[in-house]
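work.cif (mmCIF, C-alpha atoms)
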data_protein
#
loop_
_atom_site.label_atom_id
_atom_site.label_comp_id
_atom_site.auth_asym_id
_atom_site.auth_seq_id
_atom_site.Cartn_x
_atom_site.Cartn_y
_atom_site.Cartn_z
CA MET A 1 -1.37 -28.09 25.14
CA MET A 2 -0.17 -28.87 21.63
CA ALA A 3 3.39 -27.84 20.76
CA THR A 4 4.03 -26.21 17.42
CA GLU A 5 7.26 -25.93 15.52
CA ALA A 6 8.70 -22.67 14.28
CA THR A 7 9.27 -22.24 10.58
CA PRO A 8 12.81 -23.46 9.85
CA GLY A 9 15.25 -20.56 9.82
CA ALA A 10 12.63 -18.11 11.06
CA THR A 11 13.62 -15.52 13.63
CA PRO A 12 11.67 -12.69 15.21
CA ILE A 13 11.84 -9.34 13.43
CA LEU A 14 11.64 -6.11 15.42
CA ARG A 15 11.19 -2.73 13.76
CA HIS A 16 11.21 0.47 15.78
CA ALA A 17 9.10 3.45 14.73
CA ASP A 18 11.87 5.17 12.76
CA ALA A 19 13.28 2.03 11.10
CA GLY A 20 13.02 1.05 7.46
CA ASP A 21 14.19 2.24 4.08
CA VAL A 22 12.06 5.07 2.69
CA VAL A 23 10.99 5.21 -0.95
CA TRP A 24 9.12 7.95 -2.77
CA ALA A 25 6.78 6.50 -5.41
CA MET A 26 3.57 7.65 -7.08
CA GLY A 27 3.45 10.78 -4.90
CA ASN A 28 3.53 8.74 -1.67
CA ARG A 29 6.10 8.02 1.01
CA PHE A 30 6.65 4.28 1.62
CA THR A 31 8.66 3.13 4.63
CA LEU A 32 9.60 -0.50 4.06
CA LYS A 33 9.07 -1.93 7.54
CA MET A 34 9.32 -5.63 6.57
CA ARG A 35 10.24 -7.04 3.20
CA SER A 36 9.05 -10.35 1.82
CA ALA A 37 12.63 -11.66 1.80
CA GLU A 38 12.84 -11.14 5.57
CA THR A 39 9.63 -13.06 6.30
CA ALA A 40 10.25 -16.09 4.07
CA GLY A 41 7.65 -14.62 1.72
CA ALA A 42 4.87 -14.63 4.34
CA LEU A 43 4.18 -10.90 4.28
CA SER A 44 5.33 -7.40 3.51
CA MET A 45 4.65 -4.43 5.78
CA LEU A 46 4.81 -0.83 4.60
CA GLU A 47 4.03 2.40 6.40
CA VAL A 48 2.53 4.75 3.83
CA VAL A 49 1.96 8.50 3.89
CA ALA A 50 -0.37 9.56 1.08
CA PRO A 51 -1.30 13.20 0.48
CA ALA A 52 -4.90 14.40 0.36
CA GLY A 53 -6.41 13.55 -3.02
CA THR A 54 -4.35 10.41 -3.56
CA ALA A 55 -6.49 7.96 -5.53
CA PRO A 56 -5.00 4.96 -7.33
CA PRO A 57 -7.12 3.42 -10.08
CA LEU A 58 -9.51 0.57 -9.38
CA HIS A 59 -7.33 -2.54 -9.40
CA THR A 60 -7.13 -6.19 -8.41
CA HIS A 61 -4.29 -8.04 -6.70
CA HIS A 62 -4.07 -11.57 -8.07
CA ARG A 63 -1.23 -12.67 -5.75
CA GLU A 64 -1.94 -11.25 -2.31
CA ALA A 65 -4.54 -10.18 0.19
CA GLU A 66 -4.10 -6.79 1.86
CA VAL A 67 -4.80 -5.24 5.24
CA PHE A 68 -4.80 -1.47 5.77
CA VAL A 69 -4.71 0.08 9.24
CA LEU A 70 -5.34 3.83 9.18
CA PHE A 71 -3.46 5.92 11.77
CA GLU A 72 -4.09 9.46 10.50
CA GLY A 73 -6.37 11.10 7.95
CA THR A 74 -9.58 9.95 6.29
CA MET A 75 -10.07 7.62 3.34
CA ILE A 76 -12.95 6.29 1.33
CA TYR A 77 -12.49 2.76 0.13
CA ARG A 78 -14.31 0.83 -2.56
CA ALA A 79 -13.96 -2.92 -2.14
CA GLY A 80 -15.99 -4.93 -4.63
CA ASP A 81 -19.45 -3.34 -4.72
CA GLU A 82 -19.19 -1.73 -1.27
CA THR A 83 -17.80 1.66 -0.23
CA PHE A 84 -16.42 2.32 3.25
CA GLU A 85 -15.16 5.36 5.14
CA LEU A 86 -11.98 4.81 7.13
CA THR A 87 -11.10 7.13 9.99
CA PRO A 88 -8.13 6.90 12.38
CA GLY A 89 -8.14 3.49 14.01
CA SER A 90 -10.09 1.82 11.20
CA SER A 91 -8.79 -1.21 9.37
CA ILE A 92 -9.90 -3.09 6.28
CA TYR A 93 -9.10 -6.55 4.93
CA LEU A 94 -9.09 -7.00 1.16
CA PRO A 95 -9.10 -10.61 -0.04
CA ARG A 96 -6.98 -11.53 -3.03
CA GLY A 97 -8.91 -11.08 -6.27
CA LEU A 98 -11.29 -8.36 -4.99
CA PRO A 99 -11.23 -5.18 -7.12
CA HIS A 100 -10.63 -2.13 -4.92
CA ALA A 101 -9.57 1.51 -4.85
CA PHE A 102 -9.26 4.26 -2.28
CA ARG A 103 -9.12 8.04 -2.06
CA VAL A 104 -7.58 10.16 0.68
CA VAL A 105 -10.25 12.76 1.45
CA GLY A 106 -10.14 16.03 3.34
CA THR A 107 -7.11 18.28 3.56
CA ASP A 108 -4.71 16.13 5.58
CA PRO A 109 -2.49 13.29 4.38
CA ALA A 110 -3.34 9.74 5.39
CA ARG A 111 -0.80 7.63 7.26
CA PHE A 112 -1.48 3.91 7.27
CA LEU A 113 0.08 0.51 7.60
CA ALA A 114 -0.26 -1.67 4.50
CA LEU A 115 0.31 -5.40 4.92
CA THR A 116 0.26 -7.90 2.06
CA PHE A 117 -0.06 -11.68 2.45
CA PRO A 118 2.08 -13.15 0.93
CA GLY A 119 4.72 -10.48 0.58
CA GLY A 120 6.43 -9.14 -2.50
CA LEU A 121 4.41 -6.10 -3.53
CA GLU A 122 7.03 -3.79 -2.01
CA GLY A 123 9.18 -4.62 -5.03
CA LEU A 124 6.85 -2.58 -7.25
CA TYR A 125 7.48 0.60 -5.25
CA GLU A 126 11.20 -0.05 -5.06
CA GLU A 127 11.28 -0.61 -8.83
CA ILE A 128 9.42 2.52 -9.91
CA GLY A 129 10.31 4.81 -6.98
CA ARG A 130 13.48 6.32 -5.65
CA PRO A 131 15.06 6.54 -2.21
CA ALA A 132 13.60 9.48 -0.30
CA PRO A 133 16.22 12.21 0.00
CA GLY A 134 14.78 13.37 3.33
CA PRO A 135 11.54 13.90 5.25
CA GLY A 136 8.29 14.98 3.68
CA LEU A 137 6.44 13.88 0.58
CA PRO A 138 7.46 13.81 -3.06
CA ASP A 139 5.85 15.87 -5.79
CA PRO A 140 2.79 14.33 -7.47
CA PRO A 141 3.66 11.53 -9.88
CA THR A 142 4.89 12.49 -13.33
CA GLN A 143 3.48 10.98 -16.51
CA GLU A 144 6.70 8.94 -16.77
CA GLU A 145 6.25 7.53 -13.27
CA ILE A 146 2.61 6.66 -13.96
CA ALA A 147 3.66 4.94 -17.21
CA ALA A 148 6.35 2.98 -15.31
CA TRP A 149 3.76 1.91 -12.69
CA LEU A 150 1.34 0.81 -15.41
CA GLN A 151 4.07 -1.14 -17.20
CA ALA A 152 5.43 -2.82 -14.03
CA SER A 153 2.07 -3.63 -12.39
CA PRO A 154 1.35 -6.90 -14.26
CA LYS A 155 4.74 -8.28 -13.18
CA TYR A 156 3.50 -7.92 -9.57
CA GLY A 157 0.09 -9.50 -10.22
CA LEU A 158 -1.84 -6.23 -10.45
CA GLU A 159 -4.67 -5.82 -12.92
CA LEU A 160 -6.09 -2.36 -13.57
CA ASN A 161 -9.90 -2.42 -13.69
CA GLY A 162 -11.00 1.18 -13.94
CA PRO A 163 -10.47 4.81 -13.04
CA PRO A 164 -9.71 6.19 -9.57
CA LEU A 165 -12.58 6.97 -7.20
CA PRO A 166 -14.01 10.41 -7.89
CA ASP A 167 -13.45 13.18 -5.38
CA PRO A 168 -16.65 13.32 -3.29
CA GLN A 169 -16.14 17.05 -2.70
CA VAL A 170 -16.32 17.94 -6.41
#
Reformat the file's structure so that it appears as structure tokens.
Amino acid sequence: MMATEATPGATPILRHADAGDVVWAMGNRFTLKMRSAETAGALSMLEVVAPAGTAPPLHTHHREAEVFVLFEGTMIYRAGDETFELTPGSSIYLPRGLPHAFRVVGTDPARFLALTFPGGLEGLYEEIGRPAPGPGLPDPPTQEEIAAWLQASPKYGLELNGPPLPDPQV
């Protein structure tokens, strides 16, 4: 059996279900489970609660790949030229550089784990959001918050490619 060496200075990180700073941004609730700074840049892990109807614009990450693991709710996901339906228990891998967008469909919020490799994207939500004052979800994003997200996105390697996915029920 071949021995491997641990990354210098690396230590295990444990997060219990209720752990992590909570930020409200763009109408969503982000629980920062693991920050890039804690993982030597390897990854970021966020638990996200997004209300029904949430639909960010089509965009591309030029710095990181993403993995989404859906726990609750239903989402449609466009990744490149393909569209997928995610139901509880589904997961999707999005390679760096692949244009993608999603929409939370139905009447219930979606709760999912969002991992980015390498980490760092959590800084965008910390920059434009605010600490959650309690449980629940924030109001929908204001025009000022959307403008801040659009202005900050390039700093985090995000390129906007098009409009959000249309609501399939309309």
Worksheet, complete the sentence: Using all atoms listed in the file, the best pick from A:Gly20, A:Pro168, A:Gly106, A:Gly120 as closest to Arg63 of chain A would be A:Gly120
Worksheet item: segment 123-128 of chain A: which residues within 10 Å, counting all atoms listed in the file, same-chain residues fewer than 6 positions away excluded, as a PyMOL selection string?
Response: chain A and resi 21-26+28-30+32+35-36+44+144-156+158
Fill in: Resolved residues for the PyMOL selection byres ((chain A and resi 81) around 10) as an MDAnalysis selection string
chainID A and resid 78:80 82:83 98:100
The PyMOL selection byres ((chain A and resi 101) around 8) - which residues does that actually catch in the file I just gave you? List them as a PDB file with C-alpha atoms, in the frame of the given file.
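File produced: selection-v9.pdb:
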ATOM      1  CA  ALA A  55      -6.490   7.960  -5.530  1.00  0.00           C
ATOM      2  CA  PRO A  56      -5.000   4.960  -7.330  1.00  0.00           C
ATOM      3  CA  PRO A  57      -7.120   3.420 -10.080  1.00  0.00           C
ATOM      4  CA  LEU A  58      -9.510   0.570  -9.380  1.00  0.00           C
ATOM      5  CA  HIS A  59      -7.330  -2.540  -9.400  1.00  0.00           C
ATOM      6  CA  TYR A  77     -12.490   2.760   0.130  1.00  0.00           C
ATOM      7  CA  ARG A  78     -14.310   0.830  -2.560  1.00  0.00           C
ATOM      8  CA  ALA A  79     -13.960  -2.920  -2.140  1.00  0.00           C
ATOM      9  CA  PRO A  99     -11.230  -5.180  -7.120  1.00  0.00           C
ATOM     10  CA  HIS A 100     -10.630  -2.130  -4.920  1.00  0.00           C
ATOM     11  CA  PHE A 102      -9.260   4.260  -2.280  1.00  0.00           C
ATOM     12  CA  ARG A 103      -9.120   8.040  -2.060  1.00  0.00           C
ATOM     13  CA  PRO A 164      -9.710   6.190  -9.570  1.00  0.00           C
ATOM     14  CA  LEU A 165     -12.580   6.970  -7.200  1.00  0.00           C
TER      15      LEU A 165
END
Worksheet item: Contacts of Thr107 of chain A at 10 Å or less, counting all atoms listed in the file, minus same-chain residues fewer than 6 places along, as a list of chain:residue names?
Response: A:Pro51, A:Ala52, A:Gly53, A:Gly73, A:Thr74
Fill in: A:Ala17, A:Leu113, A:Ile92, A:Val104 ranked by distance to Val48 of chain A, top pick (using only C-alpha atoms)
A:Leu113
Response to the item:
Closest of A:Gly129, A:Glu47, A:Gly41, A:Thr31 to Pro141 of chain A, counting all atoms listed in the file, is A:Gly129
Discussion item. When the PyMOL selection byres ((chain A and resi 96) around 8) is applied to the structure above, which residues does it catch, written out as an MDAnalysis selection string?
Written reply: chainID A and resid 60:66 94:95 97:98
Please, could you write that set of residues out with C-alpha atoms as an mmCIF file, keeping the file's coordinate frame?
data_model
loop_
_atom_site.group_PDB
_atom_site.id
_atom_site.type_symbol
_atom_site.label_atom_id
_atom_site.label_comp_id
_atom_site.auth_asym_id
_atom_site.auth_seq_id
_atom_site.Cartn_x
_atom_site.Cartn_y
_atom_site.Cartn_z
ATOM 1 C CA THR A 60 -7.130 -6.190 -8.410
ATOM 2 C CA HIS A 61 -4.290 -8.040 -6.700
ATOM 3 C CA HIS A 62 -4.070 -11.570 -8.070
ATOM 4 C CA ARG A 63 -1.230 -12.670 -5.750
ATOM 5 C CA GLU A 64 -1.940 -11.250 -2.310
ATOM 6 C CA ALA A 65 -4.540 -10.180 0.190
ATOM 7 C CA GLU A 66 -4.100 -6.790 1.860
ATOM 8 C CA LEU A 94 -9.090 -7.000 1.160
ATOM 9 C CA PRO A 95 -9.100 -10.610 -0.040
ATOM 10 C CA GLY A 97 -8.910 -11.080 -6.270
ATOM 11 C CA LEU A 98 -11.290 -8.360 -4.990
#
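Computed from the coordinates, the atom CA of Leu137 of chain A to atom CA of Phe117 of chain A distance equals 26.4 Å.
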Item to complete: Between atom CA of Ser90 of chain A and atom CA of Arg15 of chain A, measure the distance and give it in Å to one decimal.
Response: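 That distance, rounded to one decimal, is 21.9 Å.
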Discussion item. With only C-alpha atoms as the counted atoms, please give the residues lying no more than 7 Å from Leu43 of chain A, apart from itself and same-chain residues fewer than 3 positions off, as a ChimeraX atom specification.
Written reply: /A:36,39,115-119
